[in-house]
$ cat model39.csv   # CSV, N, CA and C atoms
chain,number,residue,atom,x,y,z
A,28,MET,N,1.5,-17.5,-23.5
A,28,MET,CA,2.8,-16.9,-23.5
A,28,MET,C,3.1,-16.4,-22.0
A,29,SER,N,4.3,-16.8,-21.5
A,29,SER,CA,4.6,-16.4,-20.1
A,29,SER,C,5.3,-15.0,-20.1
A,30,PHE,N,5.2,-14.4,-18.9
A,30,PHE,CA,5.8,-13.1,-18.7
A,30,PHE,C,7.3,-13.2,-18.4
A,31,ASP,N,8.1,-12.4,-19.0
A,31,ASP,CA,9.5,-12.4,-18.8
A,31,ASP,C,10.0,-11.2,-18.0
A,32,PRO,N,10.2,-11.3,-16.7
A,32,PRO,CA,10.6,-10.1,-15.9
A,32,PRO,C,11.9,-9.4,-16.4
A,33,MET,N,12.8,-10.3,-16.9
A,33,MET,CA,14.1,-9.7,-17.3
A,33,MET,C,13.8,-8.8,-18.6
A,34,ALA,N,13.0,-9.3,-19.5
A,34,ALA,CA,12.7,-8.4,-20.7
A,34,ALA,C,11.9,-7.2,-20.3
A,35,ALA,N,11.0,-7.3,-19.3
A,35,ALA,CA,10.3,-6.1,-18.8
A,35,ALA,C,11.2,-5.1,-18.2
A,36,ALA,N,12.2,-5.6,-17.4
A,36,ALA,CA,13.2,-4.7,-16.8
A,36,ALA,C,14.0,-3.9,-17.9
A,37,VAL,N,14.4,-4.6,-19.0
A,37,VAL,CA,15.1,-4.0,-20.1
A,37,VAL,C,14.2,-3.0,-20.8
A,38,ASP,N,12.9,-3.3,-21.0
A,38,ASP,CA,11.9,-2.4,-21.6
A,38,ASP,C,11.8,-1.1,-20.7
A,39,TRP,N,11.8,-1.3,-19.4
A,39,TRP,CA,11.7,-0.2,-18.4
A,39,TRP,C,12.9,0.7,-18.6
A,40,LEU,N,14.1,0.1,-18.7
A,40,LEU,CA,15.4,0.9,-18.9
A,40,LEU,C,15.3,1.6,-20.2
A,41,ASP,N,14.9,0.9,-21.3
A,41,ASP,CA,14.8,1.6,-22.6
A,41,ASP,C,13.9,2.8,-22.5
A,42,ALA,N,12.8,2.7,-21.9
A,42,ALA,CA,11.8,3.8,-21.8
A,42,ALA,C,12.5,5.0,-20.9
A,43,TYR,N,13.2,4.6,-19.9
A,43,TYR,CA,13.9,5.6,-19.0
A,43,TYR,C,14.9,6.3,-19.9
A,44,ARG,N,15.8,5.5,-20.6
A,44,ARG,CA,16.8,6.1,-21.4
A,44,ARG,C,16.2,7.1,-22.5
A,45,ALA,N,15.0,6.7,-23.0
A,45,ALA,CA,14.4,7.6,-24.0
A,45,ALA,C,13.7,8.8,-23.4
A,46,GLY,N,13.6,8.8,-22.1
A,46,GLY,CA,12.8,9.9,-21.4
A,46,GLY,C,11.3,9.8,-21.6
A,47,ASP,N,10.8,8.6,-21.9
A,47,ASP,CA,9.4,8.4,-22.2
A,47,ASP,C,8.6,8.2,-20.9
A,48,ILE,N,8.2,9.3,-20.3
A,48,ILE,CA,7.6,9.2,-19.0
A,48,ILE,C,6.2,8.5,-19.1
A,49,GLU,N,5.5,8.6,-20.1
A,49,GLU,CA,4.2,7.9,-20.2
A,49,GLU,C,4.3,6.4,-20.3
A,50,THR,N,5.3,5.9,-21.0
A,50,THR,CA,5.6,4.5,-21.1
A,50,THR,C,6.0,4.0,-19.8
A,51,ILE,N,6.9,4.7,-19.1
A,51,ILE,CA,7.4,4.3,-17.8
A,51,ILE,C,6.2,4.2,-16.8
A,52,LEU,N,5.4,5.3,-16.7
A,52,LEU,CA,4.3,5.3,-15.8
A,52,LEU,C,3.3,4.1,-16.1
A,53,GLY,N,3.1,3.8,-17.3
A,53,GLY,CA,2.2,2.7,-17.7
A,53,GLY,C,2.7,1.4,-17.3
A,54,MET,N,4.0,1.2,-17.0
A,54,MET,CA,4.5,-0.1,-16.5
A,54,MET,C,4.2,-0.4,-15.1
A,55,TYR,N,3.8,0.6,-14.3
A,55,TYR,CA,3.6,0.4,-12.9
A,55,TYR,C,2.1,0.1,-12.6
A,56,ALA,N,1.9,-0.8,-11.6
A,56,ALA,CA,0.6,-1.1,-11.1
A,56,ALA,C,0.1,0.1,-10.4
A,57,ASP,N,-1.3,0.2,-10.3
A,57,ASP,CA,-1.9,1.3,-9.6
A,57,ASP,C,-1.4,1.5,-8.2
A,58,ASP,N,-1.1,0.4,-7.5
A,58,ASP,CA,-0.7,0.4,-6.1
A,58,ASP,C,0.8,0.3,-5.9
A,59,ALA,N,1.6,0.5,-7.0
A,59,ALA,CA,3.0,0.4,-6.9
A,59,ALA,C,3.6,1.4,-6.0
A,60,VAL,N,4.7,1.0,-5.4
A,60,VAL,CA,5.5,1.9,-4.5
A,60,VAL,C,6.9,2.0,-5.0
A,61,ILE,N,7.5,3.2,-5.0
A,61,ILE,CA,8.9,3.4,-5.3
A,61,ILE,C,9.6,3.9,-4.1
A,62,HIS,N,10.7,3.1,-3.7
A,62,HIS,CA,11.6,3.5,-2.6
A,62,HIS,C,12.9,3.8,-3.3
A,63,CYS,N,13.4,5.1,-3.2
A,63,CYS,CA,14.6,5.5,-3.9
A,63,CYS,C,15.6,6.1,-2.9
A,64,GLY,N,16.8,5.6,-3.0
A,64,GLY,CA,17.9,6.1,-2.1
A,64,GLY,C,18.9,7.0,-2.9
A,65,CYS,N,18.5,7.4,-4.0
A,65,CYS,CA,19.4,8.3,-4.8
A,65,CYS,C,19.2,9.7,-4.4
A,66,GLY,N,20.2,10.4,-3.9
A,66,GLY,CA,20.0,11.8,-3.5
A,66,GLY,C,19.2,12.0,-2.3
A,67,GLY,N,19.2,11.0,-1.4
A,67,GLY,CA,18.4,11.0,-0.2
A,67,GLY,C,17.2,10.1,-0.3
A,68,MET,N,16.8,9.4,0.8
A,68,MET,CA,15.7,8.4,0.7
A,68,MET,C,14.4,9.1,0.5
A,69,LYS,N,13.6,8.5,-0.5
A,69,LYS,CA,12.3,9.0,-0.7
A,69,LYS,C,11.4,7.8,-1.1
A,70,THR,N,10.1,7.9,-0.7
A,70,THR,CA,9.1,6.9,-1.1
A,70,THR,C,8.0,7.6,-1.8
A,71,CYS,N,7.6,7.0,-3.0
A,71,CYS,CA,6.5,7.6,-3.8
A,71,CYS,C,5.5,6.5,-4.1
A,72,SER,N,4.3,7.0,-4.1
A,72,SER,CA,3.2,6.1,-4.5
A,72,SER,C,2.1,6.9,-5.1
A,73,GLY,N,1.1,6.2,-5.7
A,73,GLY,CA,0.0,6.9,-6.3
A,73,GLY,C,0.5,7.5,-7.7
A,74,THR,N,-0.5,7.7,-8.5
A,74,THR,CA,-0.2,8.2,-9.9
A,74,THR,C,0.6,9.5,-9.8
A,75,ASP,N,0.1,10.5,-9.0
A,75,ASP,CA,0.7,11.8,-9.0
A,75,ASP,C,2.1,11.7,-8.4
A,76,GLY,N,2.3,10.9,-7.3
A,76,GLY,CA,3.6,10.7,-6.7
A,76,GLY,C,4.6,10.1,-7.7
A,77,ARG,N,4.2,9.1,-8.4
A,77,ARG,CA,5.1,8.5,-9.4
A,77,ARG,C,5.5,9.4,-10.5
A,78,ARG,N,4.5,10.2,-11.0
A,78,ARG,CA,4.7,11.2,-12.0
A,78,ARG,C,5.7,12.2,-11.6
A,79,ALA,N,5.6,12.7,-10.4
A,79,ALA,CA,6.5,13.7,-9.9
A,79,ALA,C,7.9,13.1,-9.7
A,80,TYR,N,8.0,11.9,-9.2
A,80,TYR,CA,9.2,11.2,-9.0
A,80,TYR,C,9.9,11.1,-10.4
A,81,TRP,N,9.2,10.6,-11.4
A,81,TRP,CA,9.8,10.4,-12.7
A,81,TRP,C,10.2,11.7,-13.4
A,82,ARG,N,9.4,12.7,-13.2
A,82,ARG,CA,9.7,14.0,-13.9
A,82,ARG,C,11.0,14.5,-13.3
A,83,ASP,N,11.2,14.4,-12.0
A,83,ASP,CA,12.5,14.8,-11.4
A,83,ASP,C,13.6,13.9,-11.8
A,84,ARG,N,13.3,12.6,-11.8
A,84,ARG,CA,14.4,11.6,-12.1
A,84,ARG,C,14.9,11.8,-13.5
A,85,LEU,N,14.0,12.0,-14.5
A,85,LEU,CA,14.4,12.2,-15.9
A,85,LEU,C,15.3,13.4,-16.0
A,86,ARG,N,14.9,14.5,-15.3
A,86,ARG,CA,15.7,15.7,-15.3
A,86,ARG,C,17.0,15.6,-14.6
A,87,ASP,N,17.1,15.0,-13.4
A,87,ASP,CA,18.3,15.1,-12.6
A,87,ASP,C,19.2,13.9,-12.7
A,88,TYR,N,18.6,12.7,-13.1
A,88,TYR,CA,19.4,11.5,-13.2
A,88,TYR,C,19.1,10.7,-14.5
A,89,PRO,N,19.4,11.3,-15.6
A,89,PRO,CA,19.1,10.6,-16.9
A,89,PRO,C,20.0,9.3,-17.0
A,90,ALA,N,19.4,8.2,-17.5
A,90,ALA,CA,20.1,7.0,-17.6
A,90,ALA,C,20.8,6.9,-19.0
A,91,THR,N,22.0,6.3,-19.1
A,91,THR,CA,22.7,6.2,-20.3
A,91,THR,C,22.8,4.7,-20.8
A,92,SER,N,23.2,3.8,-20.0
A,92,SER,CA,23.4,2.5,-20.5
A,92,SER,C,23.3,1.4,-19.4
A,93,LEU,N,23.0,0.2,-19.8
A,93,LEU,CA,22.9,-1.0,-19.0
A,93,LEU,C,24.2,-1.3,-18.4
A,94,ASN,N,24.3,-1.6,-17.1
A,94,ASN,CA,25.5,-2.1,-16.5
A,94,ASN,C,25.4,-3.6,-16.2
A,95,ASP,N,24.2,-4.1,-15.6
A,95,ASP,CA,24.1,-5.5,-15.3
A,95,ASP,C,22.6,-5.8,-15.2
A,96,LEU,N,22.3,-7.0,-15.3
A,96,LEU,CA,20.9,-7.5,-15.3
A,96,LEU,C,20.9,-8.9,-14.7
A,97,LYS,N,20.1,-9.2,-13.7
A,97,LYS,CA,20.1,-10.5,-13.1
A,97,LYS,C,18.8,-10.8,-12.3
A,98,PRO,N,18.3,-12.0,-12.3
A,98,PRO,CA,17.2,-12.3,-11.4
A,98,PRO,C,17.7,-12.4,-10.0
A,99,SER,N,16.9,-12.1,-9.0
A,99,SER,CA,17.2,-12.3,-7.6
A,99,SER,C,16.0,-12.6,-6.8
A,100,GLY,N,15.7,-13.9,-6.7
A,100,GLY,CA,14.5,-14.3,-6.0
A,100,GLY,C,13.3,-14.0,-6.9
A,101,ASP,N,12.4,-13.3,-6.3
A,101,ASP,CA,11.2,-12.9,-7.1
A,101,ASP,C,11.3,-11.5,-7.7
A,102,THR,N,12.5,-11.0,-7.7
A,102,THR,CA,12.7,-9.6,-8.3
A,102,THR,C,13.7,-9.7,-9.4
A,103,THR,N,13.8,-8.7,-10.2
A,103,THR,CA,14.8,-8.5,-11.2
A,103,THR,C,15.7,-7.3,-10.8
A,104,VAL,N,17.0,-7.5,-10.8
A,104,VAL,CA,17.9,-6.4,-10.4
A,104,VAL,C,18.6,-5.9,-11.7
A,105,ILE,N,18.3,-4.7,-12.0
A,105,ILE,CA,19.0,-4.0,-13.1
A,105,ILE,C,19.8,-2.9,-12.7
A,106,SER,N,21.0,-2.8,-13.1
A,106,SER,CA,21.9,-1.7,-12.8
A,106,SER,C,22.2,-1.0,-14.1
A,107,TYR,N,22.3,0.3,-13.9
A,107,TYR,CA,22.5,1.2,-15.1
A,107,TYR,C,23.4,2.4,-14.7
A,108,ILE,N,23.9,3.0,-15.8
A,108,ILE,CA,24.7,4.2,-15.6
A,108,ILE,C,23.8,5.4,-15.7
A,109,ALA,N,23.8,6.2,-14.7
A,109,ALA,CA,23.1,7.5,-14.7
A,109,ALA,C,24.0,8.6,-14.3
A,110,SER,N,23.6,9.8,-14.5
A,110,SER,CA,24.5,10.9,-14.0
A,110,SER,C,24.7,10.7,-12.5
A,111,GLY,N,25.9,10.7,-12.1
A,111,GLY,CA,26.3,10.5,-10.7
A,111,GLY,C,26.8,9.1,-10.4
A,112,GLY,N,26.7,8.2,-11.4
A,112,GLY,CA,27.3,6.9,-11.2
A,112,GLY,C,26.3,5.7,-11.5
A,113,VAL,N,26.7,4.6,-11.0
A,113,VAL,CA,25.9,3.3,-11.3
A,113,VAL,C,24.8,3.3,-10.2
A,114,VAL,N,23.6,3.0,-10.7
A,114,VAL,CA,22.4,2.8,-9.9
A,114,VAL,C,21.9,1.4,-10.0
A,115,SER,N,21.4,0.8,-8.9
A,115,SER,CA,20.9,-0.5,-9.0
A,115,SER,C,19.4,-0.4,-8.6
A,116,ALA,N,18.5,-1.0,-9.4
A,116,ALA,CA,17.1,-1.0,-9.1
A,116,ALA,C,16.6,-2.5,-9.1
A,117,SER,N,15.8,-2.8,-8.0
A,117,SER,CA,15.2,-4.0,-7.9
A,117,SER,C,13.7,-3.8,-8.2
A,118,LEU,N,13.3,-4.5,-9.3
A,118,LEU,CA,11.9,-4.4,-9.7
A,118,LEU,C,11.1,-5.7,-9.4
A,119,SER,N,10.0,-5.6,-8.7
A,119,SER,CA,9.1,-6.8,-8.5
A,119,SER,C,7.9,-6.5,-9.3
A,120,PHE,N,7.4,-7.6,-9.9
A,120,PHE,CA,6.2,-7.5,-10.8
A,120,PHE,C,5.0,-8.3,-10.2
A,121,ASN,N,3.8,-7.8,-10.5
A,121,ASN,CA,2.6,-8.5,-10.1
A,121,ASN,C,2.2,-9.5,-11.1
A,122,ALA,N,1.1,-10.2,-10.9
A,122,ALA,CA,0.7,-11.3,-11.8
A,122,ALA,C,0.4,-10.8,-13.2
A,123,GLN,N,0.0,-9.5,-13.3
A,123,GLN,CA,-0.3,-8.9,-14.6
A,123,GLN,C,0.9,-8.4,-15.4
A,124,GLY,N,2.1,-8.6,-14.8
A,124,GLY,CA,3.4,-8.1,-15.4
A,124,GLY,C,3.7,-6.6,-15.2
A,125,GLN,N,3.0,-6.0,-14.2
A,125,GLN,CA,3.2,-4.6,-14.0
A,125,GLN,C,4.2,-4.5,-12.8
A,126,ILE,N,5.0,-3.4,-12.7
A,126,ILE,CA,5.9,-3.2,-11.6
A,126,ILE,C,5.0,-2.9,-10.3
A,127,ALA,N,5.2,-3.8,-9.3
A,127,ALA,CA,4.5,-3.6,-8.1
A,127,ALA,C,5.4,-2.9,-7.0
A,128,SER,N,6.7,-3.1,-7.1
A,128,SER,CA,7.7,-2.5,-6.2
A,128,SER,C,9.0,-2.1,-7.0
A,129,HIS,N,9.5,-1.0,-6.7
A,129,HIS,CA,10.7,-0.5,-7.3
A,129,HIS,C,11.6,0.1,-6.1
A,130,VAL,N,12.7,-0.5,-5.9
A,130,VAL,CA,13.6,-0.1,-4.9
A,130,VAL,C,15.0,0.2,-5.6
A,131,CYS,N,15.5,1.4,-5.4
A,131,CYS,CA,16.7,1.7,-6.1
A,131,CYS,C,17.6,2.6,-5.2
A,132,GLY,N,18.9,2.6,-5.6
A,132,GLY,CA,19.9,3.4,-4.9
A,132,GLY,C,21.2,3.2,-5.6
A,133,PRO,N,22.2,4.0,-5.2
A,133,PRO,CA,23.5,3.9,-5.7
A,133,PRO,C,24.1,2.5,-5.6
A,134,SER,N,24.7,2.0,-6.6
A,134,SER,CA,25.3,0.6,-6.5
A,134,SER,C,26.6,0.7,-5.8
A,135,ASN,N,26.9,-0.2,-4.9
A,135,ASN,CA,28.1,-0.3,-4.1
A,135,ASN,C,29.1,-1.2,-4.8
$ encode --input "model39.csv" --output "structure tokens"
Amino acid sequence: MSFDPMAAAVDWLDAYRAGDIETILGMYADDAVIHCGCGGMKTCSGTDGRRAYWRDRLRDYPATSLNDLKPSGDTTVISYIASGGVVSASLSFNAQGQIASHVCGPSN
């Protein structure tokens, strides 16, 4: 069975909307990096860095609904409604189907 990055992105958003930090964190590769331009640019890596990022994210920017989903080269771009407006996230996956890179920011 092949990996479906579009389905993985929807699973990621579902866990985000549910506030399920453990499921979210489990979707990232050990060496994954998050670059977030929401509320100021920040970069997070490592288990503790991603946990702190998601703890704050779930509190300050809860997601409500899917806005758009599309492939873009080797990434999947998912946009969603969060407090403060529409956010666009580009998720790149490794060969094991884990998120290797997450780049997000307000959608223009």
$ residues_around --input "model39.csv" --residues "range 77-93 of chain A" --least-positions-apart "2" --cutoff "6.5 Å" --atoms "all atoms listed in the file" --output "list in words"
Tyr43, Arg44, Gly46, Cys71, Ser72, Gly73, Thr74, Asp75, Asp95, Ser106, Tyr107, Ile108, Ala109 and Ser110 of chain A
$ write_last_selection --input "model39.csv" --atoms "N, CA and C atoms" --output "compact mmCIF listing (two decimals), in the coordinates of the input"
# COMPACT_ATOMS: atom_id res chain seq x y z
N TYR A 43 13.20 4.60 -19.90
CA TYR A 43 13.90 5.60 -19.00
C TYR A 43 14.90 6.30 -19.90
N ARG A 44 15.80 5.50 -20.60
CA ARG A 44 16.80 6.10 -21.40
C ARG A 44 16.20 7.10 -22.50
N GLY A 46 13.60 8.80 -22.10
CA GLY A 46 12.80 9.90 -21.40
C GLY A 46 11.30 9.80 -21.60
N CYS A 71 7.60 7.00 -3.00
CA CYS A 71 6.50 7.60 -3.80
C CYS A 71 5.50 6.50 -4.10
N SER A 72 4.30 7.00 -4.10
CA SER A 72 3.20 6.10 -4.50
C SER A 72 2.10 6.90 -5.10
N GLY A 73 1.10 6.20 -5.70
CA GLY A 73 0.00 6.90 -6.30
C GLY A 73 0.50 7.50 -7.70
N THR A 74 -0.50 7.70 -8.50
CA THR A 74 -0.20 8.20 -9.90
C THR A 74 0.60 9.50 -9.80
N ASP A 75 0.10 10.50 -9.00
CA ASP A 75 0.70 11.80 -9.00
C ASP A 75 2.10 11.70 -8.40
N ASP A 95 24.20 -4.10 -15.60
CA ASP A 95 24.10 -5.50 -15.30
C ASP A 95 22.60 -5.80 -15.20
N SER A 106 21.00 -2.80 -13.10
CA SER A 106 21.90 -1.70 -12.80
C SER A 106 22.20 -1.00 -14.10
N TYR A 107 22.30 0.30 -13.90
CA TYR A 107 22.50 1.20 -15.10
C TYR A 107 23.40 2.40 -14.70
N ILE A 108 23.90 3.00 -15.80
CA ILE A 108 24.70 4.20 -15.60
C ILE A 108 23.80 5.40 -15.70
N ALA A 109 23.80 6.20 -14.70
CA ALA A 109 23.10 7.50 -14.70
C ALA A 109 24.00 8.60 -14.30
N SER A 110 23.60 9.80 -14.50
CA SER A 110 24.50 10.90 -14.00
C SER A 110 24.70 10.70 -12.50
$ atom_distance --input "model39.csv" --atom1 "atom C of Asn94 in chain A" --atom2 "atom N of Gly76 in chain A"
28.7 Å
$ select_by_dssp --input "model39.csv" --residues "chain A" --states "strand (DSSP E or B)" --output "PyMOL selection string"
chain A and resi 55-63+69-72+90-99+102-109+112-120+126-133
$ write_last_selection --input "model39.csv" --atoms "N, CA and C atoms" --output "tab-separated table (two decimals), in the coordinates of the input"
chain	number	residue	atom	x	y	z
A	55	TYR	N	3.80	0.60	-14.30
A	55	TYR	CA	3.60	0.40	-12.90
A	55	TYR	C	2.10	0.10	-12.60
A	56	ALA	N	1.90	-0.80	-11.60
A	56	ALA	CA	0.60	-1.10	-11.10
A	56	ALA	C	0.10	0.10	-10.40
A	57	ASP	N	-1.30	0.20	-10.30
A	57	ASP	CA	-1.90	1.30	-9.60
A	57	ASP	C	-1.40	1.50	-8.20
A	58	ASP	N	-1.10	0.40	-7.50
A	58	ASP	CA	-0.70	0.40	-6.10
A	58	ASP	C	0.80	0.30	-5.90
A	59	ALA	N	1.60	0.50	-7.00
A	59	ALA	CA	3.00	0.40	-6.90
A	59	ALA	C	3.60	1.40	-6.00
A	60	VAL	N	4.70	1.00	-5.40
A	60	VAL	CA	5.50	1.90	-4.50
A	60	VAL	C	6.90	2.00	-5.00
A	61	ILE	N	7.50	3.20	-5.00
A	61	ILE	CA	8.90	3.40	-5.30
A	61	ILE	C	9.60	3.90	-4.10
A	62	HIS	N	10.70	3.10	-3.70
A	62	HIS	CA	11.60	3.50	-2.60
A	62	HIS	C	12.90	3.80	-3.30
A	63	CYS	N	13.40	5.10	-3.20
A	63	CYS	CA	14.60	5.50	-3.90
A	63	CYS	C	15.60	6.10	-2.90
A	69	LYS	N	13.60	8.50	-0.50
A	69	LYS	CA	12.30	9.00	-0.70
A	69	LYS	C	11.40	7.80	-1.10
A	70	THR	N	10.10	7.90	-0.70
A	70	THR	CA	9.10	6.90	-1.10
A	70	THR	C	8.00	7.60	-1.80
A	71	CYS	N	7.60	7.00	-3.00
A	71	CYS	CA	6.50	7.60	-3.80
A	71	CYS	C	5.50	6.50	-4.10
A	72	SER	N	4.30	7.00	-4.10
A	72	SER	CA	3.20	6.10	-4.50
A	72	SER	C	2.10	6.90	-5.10
A	90	ALA	N	19.40	8.20	-17.50
A	90	ALA	CA	20.10	7.00	-17.60
A	90	ALA	C	20.80	6.90	-19.00
A	91	THR	N	22.00	6.30	-19.10
A	91	THR	CA	22.70	6.20	-20.30
A	91	THR	C	22.80	4.70	-20.80
A	92	SER	N	23.20	3.80	-20.00
A	92	SER	CA	23.40	2.50	-20.50
A	92	SER	C	23.30	1.40	-19.40
A	93	LEU	N	23.00	0.20	-19.80
A	93	LEU	CA	22.90	-1.00	-19.00
A	93	LEU	C	24.20	-1.30	-18.40
A	94	ASN	N	24.30	-1.60	-17.10
A	94	ASN	CA	25.50	-2.10	-16.50
A	94	ASN	C	25.40	-3.60	-16.20
A	95	ASP	N	24.20	-4.10	-15.60
A	95	ASP	CA	24.10	-5.50	-15.30
A	95	ASP	C	22.60	-5.80	-15.20
A	96	LEU	N	22.30	-7.00	-15.30
A	96	LEU	CA	20.90	-7.50	-15.30
A	96	LEU	C	20.90	-8.90	-14.70
A	97	LYS	N	20.10	-9.20	-13.70
A	97	LYS	CA	20.10	-10.50	-13.10
A	97	LYS	C	18.80	-10.80	-12.30
A	98	PRO	N	18.30	-12.00	-12.30
A	98	PRO	CA	17.20	-12.30	-11.40
A	98	PRO	C	17.70	-12.40	-10.00
A	99	SER	N	16.90	-12.10	-9.00
A	99	SER	CA	17.20	-12.30	-7.60
A	99	SER	C	16.00	-12.60	-6.80
A	102	THR	N	12.50	-11.00	-7.70
A	102	THR	CA	12.70	-9.60	-8.30
A	102	THR	C	13.70	-9.70	-9.40
A	103	THR	N	13.80	-8.70	-10.20
A	103	THR	CA	14.80	-8.50	-11.20
A	103	THR	C	15.70	-7.30	-10.80
A	104	VAL	N	17.00	-7.50	-10.80
A	104	VAL	CA	17.90	-6.40	-10.40
A	104	VAL	C	18.60	-5.90	-11.70
A	105	ILE	N	18.30	-4.70	-12.00
A	105	ILE	CA	19.00	-4.00	-13.10
A	105	ILE	C	19.80	-2.90	-12.70
A	106	SER	N	21.00	-2.80	-13.10
A	106	SER	CA	21.90	-1.70	-12.80
A	106	SER	C	22.20	-1.00	-14.10
A	107	TYR	N	22.30	0.30	-13.90
A	107	TYR	CA	22.50	1.20	-15.10
A	107	TYR	C	23.40	2.40	-14.70
A	108	ILE	N	23.90	3.00	-15.80
A	108	ILE	CA	24.70	4.20	-15.60
A	108	ILE	C	23.80	5.40	-15.70
A	109	ALA	N	23.80	6.20	-14.70
A	109	ALA	CA	23.10	7.50	-14.70
A	109	ALA	C	24.00	8.60	-14.30
A	112	GLY	N	26.70	8.20	-11.40
A	112	GLY	CA	27.30	6.90	-11.20
A	112	GLY	C	26.30	5.70	-11.50
A	113	VAL	N	26.70	4.60	-11.00
A	113	VAL	CA	25.90	3.30	-11.30
A	113	VAL	C	24.80	3.30	-10.20
A	114	VAL	N	23.60	3.00	-10.70
A	114	VAL	CA	22.40	2.80	-9.90
A	114	VAL	C	21.90	1.40	-10.00
A	115	SER	N	21.40	0.80	-8.90
A	115	SER	CA	20.90	-0.50	-9.00
A	115	SER	C	19.40	-0.40	-8.60
A	116	ALA	N	18.50	-1.00	-9.40
A	116	ALA	CA	17.10	-1.00	-9.10
A	116	ALA	C	16.60	-2.50	-9.10
A	117	SER	N	15.80	-2.80	-8.00
A	117	SER	CA	15.20	-4.00	-7.90
A	117	SER	C	13.70	-3.80	-8.20
A	118	LEU	N	13.30	-4.50	-9.30
A	118	LEU	CA	11.90	-4.40	-9.70
A	118	LEU	C	11.10	-5.70	-9.40
A	119	SER	N	10.00	-5.60	-8.70
A	119	SER	CA	9.10	-6.80	-8.50
A	119	SER	C	7.90	-6.50	-9.30
A	120	PHE	N	7.40	-7.60	-9.90
A	120	PHE	CA	6.20	-7.50	-10.80
A	120	PHE	C	5.00	-8.30	-10.20
A	126	ILE	N	5.00	-3.40	-12.70
A	126	ILE	CA	5.90	-3.20	-11.60
A	126	ILE	C	5.00	-2.90	-10.30
A	127	ALA	N	5.20	-3.80	-9.30
A	127	ALA	CA	4.50	-3.60	-8.10
A	127	ALA	C	5.40	-2.90	-7.00
A	128	SER	N	6.70	-3.10	-7.10
A	128	SER	CA	7.70	-2.50	-6.20
A	128	SER	C	9.00	-2.10	-7.00
A	129	HIS	N	9.50	-1.00	-6.70
A	129	HIS	CA	10.70	-0.50	-7.30
A	129	HIS	C	11.60	0.10	-6.10
A	130	VAL	N	12.70	-0.50	-5.90
A	130	VAL	CA	13.60	-0.10	-4.90
A	130	VAL	C	15.00	0.20	-5.60
A	131	CYS	N	15.50	1.40	-5.40
A	131	CYS	CA	16.70	1.70	-6.10
A	131	CYS	C	17.60	2.60	-5.20
A	132	GLY	N	18.90	2.60	-5.60
A	132	GLY	CA	19.90	3.40	-4.90
A	132	GLY	C	21.20	3.20	-5.60
A	133	PRO	N	22.20	4.00	-5.20
A	133	PRO	CA	23.50	3.90	-5.70
A	133	PRO	C	24.10	2.50	-5.60
$ closest_residue --input "model39.csv" --among "A:Ile51, A:Ile105, A:Ile61, A:Leu118" --to "Trp39 in chain A" --atoms "all atoms listed in the file"
A:Ile51
$ select_by_dssp --input "model39.csv" --residues "chain A" --states "helix (DSSP H, G or I)" --output "ChimeraX atom specification"
/A:32-45,48-53,73-87
$ atom_distance --input "model39.csv" --atom1 "CA of Ser99 in chain A" --atom2 "atom C of Tyr55 in chain A"
20.2 Å
$ atom_distance --input "model39.csv" --atom1 "CA of Val60 in chain A" --atom2 "atom C of Ala122 in chain A"
16.2 Å
$ residues_around --input "model39.csv" --residues "Val130 in chain A" --least-positions-apart "3" --cutoff "6 Å" --atoms "only C-alpha atoms" --output "count of residues only"
5
